[in-house]
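Here is the file final.cif (mmCIF, C-alpha atoms).
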```cif
data_protein
#
loop_
_atom_site.label_atom_id
_atom_site.label_comp_id
_atom_site.auth_asym_id
_atom_site.auth_seq_id
_atom_site.Cartn_x
_atom_site.Cartn_y
_atom_site.Cartn_z
CA MET A 1 -18.55 -9.73 70.51
CA ASN A 2 -15.02 -10.13 71.84
CA ARG A 3 -12.87 -7.94 69.60
CA VAL A 4 -9.34 -7.00 70.66
CA TYR A 5 -7.24 -3.95 69.93
CA ASN A 6 -5.13 -5.15 67.02
CA PHE A 7 -1.83 -3.26 66.69
CA SER A 8 -0.59 -5.38 63.78
CA ALA A 9 1.57 -3.63 61.20
CA GLY A 10 -0.31 -5.39 58.40
CA PRO A 11 -2.59 -6.92 57.58
CA SER A 12 -4.10 -4.61 60.13
CA MET A 13 -7.46 -3.89 61.68
CA LEU A 14 -10.29 -2.50 59.56
CA PRO A 15 -12.99 -0.07 60.76
CA LEU A 16 -15.75 -1.92 62.59
CA GLU A 17 -18.42 -0.05 60.62
CA VAL A 18 -16.82 -1.24 57.38
CA LEU A 19 -16.69 -4.85 58.54
CA GLU A 20 -20.32 -4.71 59.60
CA LYS A 21 -21.37 -3.21 56.27
CA ALA A 22 -19.43 -5.89 54.42
CA ALA A 23 -20.99 -8.59 56.60
CA SER A 24 -24.47 -7.32 55.80
CA GLU A 25 -23.70 -7.53 52.07
CA LEU A 26 -21.61 -10.70 52.16
CA VAL A 27 -24.22 -13.15 50.86
CA CYS A 28 -26.12 -10.78 48.59
CA TYR A 29 -24.83 -7.45 47.28
CA GLY A 30 -27.68 -5.08 46.54
CA GLU A 31 -30.16 -6.63 44.12
CA SER A 32 -27.51 -8.77 42.40
CA GLY A 33 -28.51 -12.01 44.11
CA MET A 34 -24.88 -12.90 44.76
CA SER A 35 -21.83 -11.99 46.84
CA VAL A 36 -19.22 -9.61 45.46
CA MET A 37 -16.84 -12.58 45.74
CA GLU A 38 -18.94 -14.42 43.16
CA MET A 39 -19.37 -11.65 40.62
CA SER A 40 -17.83 -11.50 37.19
CA HIS A 41 -15.48 -8.54 37.08
CA ARG A 42 -17.05 -7.74 33.70
CA SER A 43 -20.59 -7.54 35.09
CA PRO A 44 -22.41 -4.18 35.38
CA ASP A 45 -22.67 -4.63 39.18
CA TYR A 46 -18.92 -5.01 39.59
CA GLU A 47 -18.03 -2.33 37.09
CA ALA A 48 -20.11 0.05 39.23
CA ILE A 49 -18.14 -1.02 42.33
CA ILE A 50 -14.69 -0.44 40.83
CA ASN A 51 -15.76 2.83 39.20
CA ASP A 52 -17.20 4.08 42.50
CA ALA A 53 -14.02 3.05 44.32
CA GLU A 54 -11.89 5.09 41.93
CA ALA A 55 -14.23 8.10 42.08
CA MET A 56 -14.23 8.04 45.90
CA LEU A 57 -10.43 7.76 46.09
CA ARG A 58 -10.00 10.62 43.64
CA LYS A 59 -12.27 12.77 45.79
CA LEU A 60 -10.60 11.68 49.01
CA MET A 61 -7.04 12.37 47.85
CA ASN A 62 -7.92 15.20 45.44
CA ILE A 63 -6.15 13.32 42.64
CA PRO A 64 -5.66 15.53 39.55
CA ASP A 65 -7.29 14.48 36.28
CA ASN A 66 -3.92 13.85 34.62
CA TYR A 67 -3.20 10.93 36.95
CA LYS A 68 -4.30 7.33 36.43
CA VAL A 69 -5.54 5.23 39.36
CA LEU A 70 -4.67 1.55 39.08
CA PHE A 71 -6.00 -1.25 41.28
CA LEU A 72 -3.42 -4.02 40.98
CA GLN A 73 -2.09 -7.16 42.67
CA GLY A 74 1.28 -8.38 43.88
CA GLY A 75 1.82 -6.06 46.84
CA ALA A 76 4.11 -3.05 47.04
CA SER A 77 7.05 -5.46 46.77
CA THR A 78 6.10 -6.22 43.16
CA GLN A 79 6.22 -2.49 42.47
CA PHE A 80 9.89 -2.51 43.55
CA ALA A 81 10.48 -4.10 40.14
CA ALA A 82 7.61 -2.43 38.30
CA VAL A 83 8.82 1.10 39.11
CA PRO A 84 12.17 0.84 37.31
CA LEU A 85 10.69 -1.30 34.53
CA ASN A 86 8.06 1.38 33.82
CA LEU A 87 10.20 4.47 34.26
CA ILE A 88 13.84 3.70 33.51
CA GLY A 89 13.30 4.31 29.81
CA ARG A 90 13.15 8.06 30.46
CA THR A 91 16.93 8.35 30.98
CA GLY A 92 18.32 4.97 32.03
CA LYS A 93 19.18 6.21 35.54
CA ALA A 94 17.40 6.32 38.89
CA ASP A 95 18.13 7.73 42.36
CA TYR A 96 17.02 6.13 45.63
CA VAL A 97 16.77 7.28 49.22
CA VAL A 98 17.21 4.40 51.68
CA SER A 99 15.48 5.17 54.96
CA GLY A 100 14.57 1.66 56.09
CA GLN A 101 14.14 -1.95 55.08
CA PHE A 102 11.59 -1.56 52.30
CA SER A 103 13.27 1.34 50.52
CA GLY A 104 16.46 -0.74 50.76
CA LYS A 105 14.70 -3.66 49.11
CA ALA A 106 13.39 -1.40 46.36
CA TYR A 107 16.91 -0.11 45.74
CA LYS A 108 18.36 -3.63 45.58
CA GLU A 109 15.62 -4.75 43.19
CA ALA A 110 16.52 -1.97 40.73
CA GLN A 111 20.21 -2.82 41.12
CA LYS A 112 19.51 -6.47 40.39
CA MET A 113 18.13 -5.51 36.98
CA GLY A 114 21.44 -3.96 36.01
CA TYR A 115 20.18 -0.39 35.79
CA ASP A 116 22.26 2.66 36.71
CA VAL A 117 20.83 3.29 40.17
CA LYS A 118 22.36 5.38 42.93
CA CYS A 119 21.64 5.73 46.63
CA ILE A 120 21.74 9.48 47.19
CA ALA A 121 20.95 9.45 50.92
CA THR A 122 20.57 6.95 53.76
CA THR A 123 20.39 6.82 57.56
CA LYS A 124 21.46 3.19 57.81
CA GLU A 125 24.50 4.12 59.92
CA ASP A 126 22.09 5.56 62.52
CA ASN A 127 19.89 2.45 62.51
CA PHE A 128 17.31 4.40 60.53
CA ASP A 129 16.28 6.49 63.55
CA HIS A 130 15.41 9.50 61.38
CA ILE A 131 14.50 10.53 57.84
CA PRO A 132 17.39 11.69 55.63
CA THR A 133 17.52 15.25 54.38
CA VAL A 134 17.10 15.28 50.61
CA THR A 135 17.80 18.44 48.63
CA LYS A 136 17.51 19.14 44.92
CA ASP A 137 21.29 19.38 44.44
CA MET A 138 21.65 15.74 45.58
CA VAL A 139 19.51 14.49 42.70
CA ARG A 140 21.12 13.66 39.36
CA PRO A 141 19.42 15.99 36.84
CA ASP A 142 19.24 13.15 34.32
CA ALA A 143 17.70 10.62 36.70
CA ALA A 144 14.46 9.07 35.48
CA TYR A 145 13.01 9.33 38.98
CA VAL A 146 13.79 9.57 42.69
CA HIS A 147 12.35 6.83 44.90
CA VAL A 148 11.45 7.21 48.58
CA CYS A 149 9.47 5.22 51.15
CA PHE A 150 7.30 7.86 52.81
CA ASN A 151 6.57 5.99 56.04
CA ASN A 152 8.82 3.28 57.41
CA THR A 153 6.67 0.63 59.09
CA ILE A 154 9.50 -1.25 60.78
CA TYR A 155 11.42 1.70 62.21
CA GLY A 156 8.52 4.05 62.86
CA THR A 157 9.73 7.03 60.84
CA LYS A 158 7.97 9.26 58.31
CA TYR A 159 8.88 12.11 55.99
CA GLY A 160 7.75 15.39 57.51
CA TYR A 161 8.33 17.08 54.17
CA ILE A 162 8.05 16.30 50.46
CA PRO A 163 11.54 16.23 48.94
CA ASP A 164 12.17 18.79 46.22
CA THR A 165 13.51 16.80 43.29
CA GLY A 166 13.16 19.56 40.73
CA ASP A 167 12.09 18.29 37.32
CA VAL A 168 12.85 14.67 38.24
CA PRO A 169 9.64 12.76 39.12
CA LEU A 170 9.31 11.72 42.75
CA VAL A 171 8.11 8.15 43.34
CA ALA A 172 6.81 7.27 46.81
CA ASP A 173 5.94 4.00 48.47
CA MET A 174 3.12 5.07 50.82
CA SER A 175 2.01 1.62 51.91
CA SER A 176 1.79 2.41 55.61
CA CYS A 177 0.52 5.99 55.51
CA ILE A 178 -1.78 6.13 52.48
CA ILE A 179 -5.09 7.96 53.18
CA SER A 180 -4.03 8.76 56.77
CA GLU A 181 -3.71 12.49 56.06
CA PRO A 182 -3.89 14.89 53.11
CA VAL A 183 -1.05 14.74 50.61
CA ASP A 184 -0.43 16.89 47.53
CA VAL A 185 -0.52 14.23 44.83
CA SER A 186 0.70 16.73 42.23
CA LYS A 187 4.11 16.78 43.94
CA PHE A 188 4.65 13.14 42.96
CA GLY A 189 5.08 11.36 39.68
CA VAL A 190 3.99 8.05 41.19
CA ILE A 191 2.46 6.97 44.50
CA TYR A 192 2.05 3.29 45.22
CA ALA A 193 0.87 1.33 48.23
CA GLY A 194 -0.03 -2.09 49.47
CA ALA A 195 -3.59 -1.75 50.77
CA GLN A 196 -3.42 -4.06 53.78
CA LYS A 197 -2.35 -1.47 56.33
CA ASN A 198 -4.83 1.38 55.98
CA MET A 199 -7.12 0.67 53.09
CA ALA A 200 -8.33 -2.90 52.60
CA PRO A 201 -7.52 -6.56 53.22
CA ALA A 202 -4.35 -8.02 51.74
CA GLY A 203 -4.36 -8.61 47.99
CA LEU A 204 -4.83 -5.10 46.60
CA THR A 205 -2.06 -2.77 45.47
CA LEU A 206 -2.73 0.85 44.53
CA VAL A 207 -0.72 2.79 41.95
CA ILE A 208 -1.37 6.47 41.18
CA VAL A 209 0.70 7.52 38.18
CA ARG A 210 0.96 10.73 36.18
CA GLU A 211 -0.14 10.11 32.60
CA ASP A 212 3.00 11.49 30.96
CA LEU A 213 5.05 8.78 32.69
CA LEU A 214 3.25 5.89 31.02
CA ASP A 215 5.36 5.78 27.86
CA TYR A 216 8.80 4.81 29.17
CA ALA A 217 8.46 1.12 29.95
CA ASP A 218 11.28 -1.29 29.21
CA PRO A 219 10.03 -3.09 26.06
CA LYS A 220 11.08 -6.45 27.54
CA MET A 221 9.02 -6.05 30.70
CA PRO A 222 6.22 -8.52 31.55
CA THR A 223 2.84 -7.24 30.37
CA MET A 224 1.32 -7.74 33.82
CA LEU A 225 3.74 -5.19 35.30
CA GLU A 226 3.16 -2.50 32.68
CA TRP A 227 1.16 0.41 34.07
CA LYS A 228 0.10 1.63 30.63
CA THR A 229 -1.54 -1.72 29.85
CA MET A 230 -3.41 -1.65 33.14
CA ALA A 231 -4.44 1.99 32.65
CA GLU A 232 -5.76 1.30 29.14
CA ASN A 233 -7.81 -1.61 30.50
CA GLY A 234 -9.26 0.13 33.56
CA SER A 235 -7.25 -2.10 35.93
CA MET A 236 -8.98 -5.11 34.40
CA TYR A 237 -6.51 -6.49 31.87
CA ASN A 238 -6.98 -9.64 33.94
CA THR A 239 -9.25 -10.44 36.88
CA PRO A 240 -8.51 -7.84 39.58
CA PRO A 241 -8.66 -8.47 43.35
CA CYS A 242 -12.40 -7.88 43.26
CA TYR A 243 -13.36 -8.24 46.91
CA ALA A 244 -10.39 -6.22 48.20
CA ILE A 245 -11.36 -3.37 45.85
CA TYR A 246 -14.92 -3.54 47.18
CA MET A 247 -13.57 -3.36 50.75
CA ALA A 248 -11.39 -0.39 49.81
CA LYS A 249 -14.49 1.34 48.45
CA LEU A 250 -16.19 0.88 51.82
CA VAL A 251 -13.15 2.32 53.60
CA TYR A 252 -13.09 5.36 51.28
CA GLU A 253 -16.79 5.83 51.94
CA TRP A 254 -16.18 5.61 55.70
CA ILE A 255 -13.51 8.32 55.63
CA LEU A 256 -15.52 10.58 53.35
CA GLY A 257 -18.47 10.15 55.69
CA MET A 258 -16.47 11.45 58.65
CA GLY A 259 -15.29 14.51 56.73
CA GLY A 260 -12.30 13.38 54.66
CA LEU A 261 -8.55 13.31 55.20
CA ASP A 262 -8.36 16.56 57.19
CA VAL A 263 -10.56 14.98 59.86
CA MET A 264 -8.68 11.69 59.56
CA LYS A 265 -5.39 13.48 60.22
CA GLU A 266 -6.82 15.21 63.30
CA LYS A 267 -7.84 11.84 64.72
CA ASN A 268 -4.47 10.28 63.94
CA VAL A 269 -2.52 13.17 65.46
CA LYS A 270 -4.64 12.96 68.61
CA LYS A 271 -4.03 9.22 68.96
CA ALA A 272 -0.29 9.44 68.34
CA LYS A 273 0.08 12.34 70.78
CA VAL A 274 -1.30 10.24 73.64
CA LEU A 275 1.36 7.60 73.08
CA TYR A 276 4.30 9.88 72.31
CA ASP A 277 3.49 12.18 75.23
CA TYR A 278 3.63 9.22 77.58
CA LEU A 279 6.87 7.92 76.07
CA ASP A 280 8.45 11.36 76.48
CA SER A 281 7.30 11.68 80.09
CA GLN A 282 9.08 8.62 81.54
CA SER A 283 12.32 6.61 81.31
CA TYR A 284 11.19 2.97 81.51
CA TYR A 285 10.54 2.77 77.76
CA VAL A 286 12.76 4.34 75.12
CA ALA A 287 11.42 5.65 71.79
CA PRO A 288 14.41 5.38 69.39
CA VAL A 289 13.05 7.64 66.63
CA LYS A 290 14.07 11.29 66.58
CA PRO A 291 11.04 13.52 67.25
CA ASP A 292 11.06 15.29 63.88
CA SER A 293 10.85 11.94 62.05
CA ARG A 294 8.16 10.24 64.11
CA SER A 295 5.43 8.32 62.32
CA LEU A 296 1.76 8.81 63.14
CA MET A 297 1.09 5.24 62.05
CA ASN A 298 3.85 3.09 63.59
CA VAL A 299 5.24 3.85 67.04
CA THR A 300 8.31 1.89 68.14
CA PHE A 301 9.67 1.58 71.68
CA VAL A 302 11.87 -0.71 73.77
CA THR A 303 12.59 -1.39 77.44
CA GLY A 304 16.25 -2.08 76.74
CA ASP A 305 15.88 -5.65 78.00
CA ALA A 306 15.00 -8.28 75.41
CA ASP A 307 13.40 -10.56 78.01
CA LEU A 308 11.23 -7.73 79.31
CA ASP A 309 10.23 -6.83 75.75
CA LYS A 310 9.14 -10.42 75.16
CA LYS A 311 7.18 -10.46 78.41
CA PHE A 312 5.54 -7.15 77.53
CA ALA A 313 4.24 -8.43 74.19
CA SER A 314 3.00 -11.64 75.76
CA GLU A 315 1.16 -10.02 78.66
CA ALA A 316 -0.25 -7.28 76.44
CA ALA A 317 -1.77 -9.93 74.19
CA LYS A 318 -3.43 -11.57 77.19
CA ALA A 319 -4.88 -8.15 78.05
CA GLY A 320 -6.45 -7.82 74.59
CA LEU A 321 -3.69 -5.67 73.08
CA LYS A 322 -2.52 -7.86 70.23
CA ASN A 323 0.49 -7.85 67.88
CA LEU A 324 2.73 -5.41 69.73
CA LYS A 325 5.92 -7.37 69.15
CA GLY A 326 8.41 -5.39 67.07
CA HIS A 327 9.63 -6.56 63.70
CA ARG A 328 11.98 -9.54 63.92
CA SER A 329 14.84 -7.46 62.49
CA VAL A 330 14.76 -4.82 65.25
CA GLY A 331 12.98 -6.35 68.25
CA GLY A 332 11.27 -4.33 70.94
CA MET A 333 7.68 -3.23 70.50
CA ARG A 334 5.72 -1.56 67.74
CA ALA A 335 2.22 -0.14 68.00
CA SER A 336 0.66 0.33 64.59
CA ILE A 337 -2.15 2.81 65.10
CA TYR A 338 -3.61 3.09 61.63
CA ASN A 339 -6.86 4.84 60.74
CA ALA A 340 -9.05 2.05 62.10
CA MET A 341 -7.43 2.00 65.55
CA PRO A 342 -9.82 3.85 67.89
CA TYR A 343 -8.56 6.47 70.33
CA GLU A 344 -9.65 4.20 73.17
CA GLY A 345 -7.23 1.54 71.96
CA VAL A 346 -4.25 3.85 72.35
CA VAL A 347 -5.43 4.96 75.78
CA ALA A 348 -5.73 1.30 76.80
CA LEU A 349 -2.18 0.67 75.56
CA VAL A 350 -0.75 3.55 77.59
CA GLU A 351 -2.54 2.35 80.72
CA PHE A 352 -1.13 -1.12 80.21
CA MET A 353 2.38 0.33 79.69
CA LYS A 354 2.13 2.16 83.00
CA LYS A 355 0.93 -0.97 84.79
CA PHE A 356 3.64 -3.14 83.25
CA ALA A 357 6.38 -0.67 84.21
CA ALA A 358 5.16 -0.56 87.81
CA GLU A 359 4.99 -4.35 88.09
CA ASN A 360 8.26 -5.12 86.32
CA PRO A 361 11.04 -2.89 87.68
CA LYS A 362 14.33 -3.03 85.82
CA ALA A 363 17.45 -4.23 87.56
#
```
Show the structure stored in the file as structure tokens.
Amino acid sequence: MNRVYNFSAGPSMLPLEVLEKAASELVCYGESGMSVMEMSHRSPDYEAIINDAEAMLRKLMNIPDNYKVLFLQGGASTQFAAVPLNLIGRTGKADYVVSGQFSGKAYKEAQKMGYDVKCIATTKEDNFDHIPTVTKDMVRPDAAYVHVCFNNTIYGTKYGYIPDTGDVPLVADMSSCIISEPVDVSKFGVIYAGAQKNMAPAGLTLVIVREDLLDYADPKMPTMLEWKTMAENGSMYNTPPCYAIYMAKLVYEWILGMGGLDVMKEKNVKKAKVLYDYLDSQSYYVAPVKPDSRSLMNVTFVTGDADLDKKFASEAAKAGLKNLKGHRSVGGMRASIYNAMPYEGVVALVEFMKKFAAENPKA
């Protein structure tokens, strides 16, 4: 088997054990006589799968009983519209923190709908090289919610704290850091995430929403975007992304089997430390993110020479280190080291970085 180290920002690599388990069940799941991809979502076999997935996620994230877990479609980008449509009815206002491209897109989506939305903090003028400081006095007391993107995939930054928004519900896009470490769900009104970075193949979107926030939807909103409708129908108002939910269940099972999110965080910290320690020890590569805002999931770095950056990504791919090219909007390199990336993959990357620097001196 010739598998590479896949540093893609998403869709990203999945745990080998999960892929092997899925492969063993691909043609026939249990005693069903069929693949999960062929099952009716209303069948007893599939209802057991989706119920188990929710139960495992609740255990993994310690989700309180007064929160609904929704398995949806459309990606986190669809939730940029769904969030204001579901929550704006509380007060008609919303506050946003813009710390990167995706939080900026979420802010613009709410603006486009004509709602009273305000950007209360941003680091755009610093090229998003750190997370803004958000304090309670910055939040409008009558805001329906405050929206943040907890981990910024493109820029490689992450909140090292949970903003205190007082009585105003905090809404977080956690697409690129979900289930990578423990998080106090009770501090948030809503958590949502595209699953294709840390949880499952593309096609599944997770929404965790506090029950008391389900009654404020804009009455003109599309039914398919209404969280309350999905909650009342167990995420099966329509056909859900069945196979992606099954894969998520296997990932939850994998993490629970290794000891849960505390153990997962230890592994992720250990991996990230190897890479950041090397970046901090030399001058050939520059890590643009301020240390107190560094992501455990997405590590960005540049040589300072666009041609060298291009050569780096190309030669790394030939060496079995794939998808290290930075996002098209920022250039450079980006190593996405999600849960499924083994420690050995990060070590191999650092060794390649050393070799490349030695063989390609800068002018």
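Reported to one decimal place, the separation of atom CA of A:Ser180 from atom CA of A:Asn268 is 7.3 Å.
Taking atom CA of A:Thr122 as the reference point, atom CA of A:Ser103 is found at 9.8 Å.
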Quiz item: Residues around (2.9, 0.1, 62.0), cut-off 6 Å, counting only C-alpha atoms - what are they as a list of chain:residue names?
Solution: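 Protein, DNA and RNA residues close to (2.9, 0.1, 62.0): A:Ala9, A:Thr153, A:Met297, A:Asn298, A:Ser336.
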Could you give me, as CSV, a per-residue list for stretch 74-153 of chain A showing, wherever an atom lies at most 9 Å from an atom of stretch 283-296 of chain A, the closest pair of atoms and their distance in Å to one decimal, using all atoms listed in the file and sorting by chain then residue number from low to high?
```
residue,atom,partner,partner_atom,distance
A:Phe128,CA,A:Val289,CA,8.1
A:Asp129,CA,A:Val289,CA,4.6
A:His130,CA,A:Ser293,CA,5.2
A:Ile131,CA,A:Ser293,CA,5.7
A:Asn151,CA,A:Ser295,CA,6.8
A:Asn152,CA,A:Ser295,CA,7.8
A:Thr153,CA,A:Ser295,CA,8.4
```
Quiz item: Which residues fall under the PyMOL selection byres ((chain A and resi 88) around 8) in this file, as a list in words?
Solution: Val83, Pro84, Leu85, Asn86, Leu87, Gly89, Arg90, Thr91, Gly92, Lys93, Ala94, Tyr115, Ala144, Tyr145, Tyr216, Ala217 and Asp218 of chain A
Practice problem: Write out as number ranges by chain the residues lying within 8 Å of A:Lys124, counting only C-alpha atoms and excluding same-chain residues fewer than 2 positions away. | Solution: A: 98-100, 122, 126-128
Exercise. With the file shown as input, list the residues that the PyMOL selection byres ((chain A and resi 67) around 12) selects, as a VMD selection string.
Key: chain A and resid 54 58 61 to 66 68 to 70 185 to 191 207 to 214 227 to 228 231
Quiz item: Near A:Asp309, counting all atoms listed in the file, which residues have an atom at most 10 Å away, once you skip same-chain residues fewer than 2 positions from it, shown as an MDAnalysis selection string?
Solution: chainID A and resid 285 301:307 311:314 324:326 331:333
Quiz item: Between A:Ser235, A:Ser175, A:Asn198, A:Thr229, which is the closest to A:Gln79 once you count all atoms listed in the file?
Solution: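 Smallest distance to A:Gln79 is found for A:Ser175.
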Exercise. Taking the file above as input, evaluate the PyMOL selection byres ((chain A and resi 241) around 12) and report the hits as a PyMOL selection string.
Key: chain A and resi 36-41+46+50+70-75+195+200-206+235-240+242-248
Quiz item: Quick one: distance from atom CA of A:Lys249 to atom CA of A:Met199 in Å, one decimal?
Solution: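 Separation between atom CA of A:Lys249 and atom CA of A:Met199: 8.7 Å.
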Quiz prompt | Of the listed residues A:Lys354, A:Lys318, A:Lys118, A:Lys273, that which approaches A:Ile337 most closely, counting all atoms listed in the file | solution = A:Lys273
Practice problem: Name the closest residue to A:Glu25 among the candidates A:Met174, A:Leu250, A:Val183, A:Val97; distances are taken between atoms, counting all atoms listed in the file. | Solution: A:Leu250
Quiz item: For A:Tyr192, which of A:Glu315, A:Glu253, A:Glu17, A:Asp173 is the closest residue, counting all atoms listed in the file?
Solution: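 Answer, going by the shortest atom-to-atom distance: A:Asp173.
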Practice problem: Compare A:Ile255, A:Met221, A:Met13, A:Val4 by their minimum atom-to-atom distance to A:Met113, counting only C-alpha atoms, and give me the closest one. | Solution: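 Smallest distance to A:Met113 is found for A:Met221.
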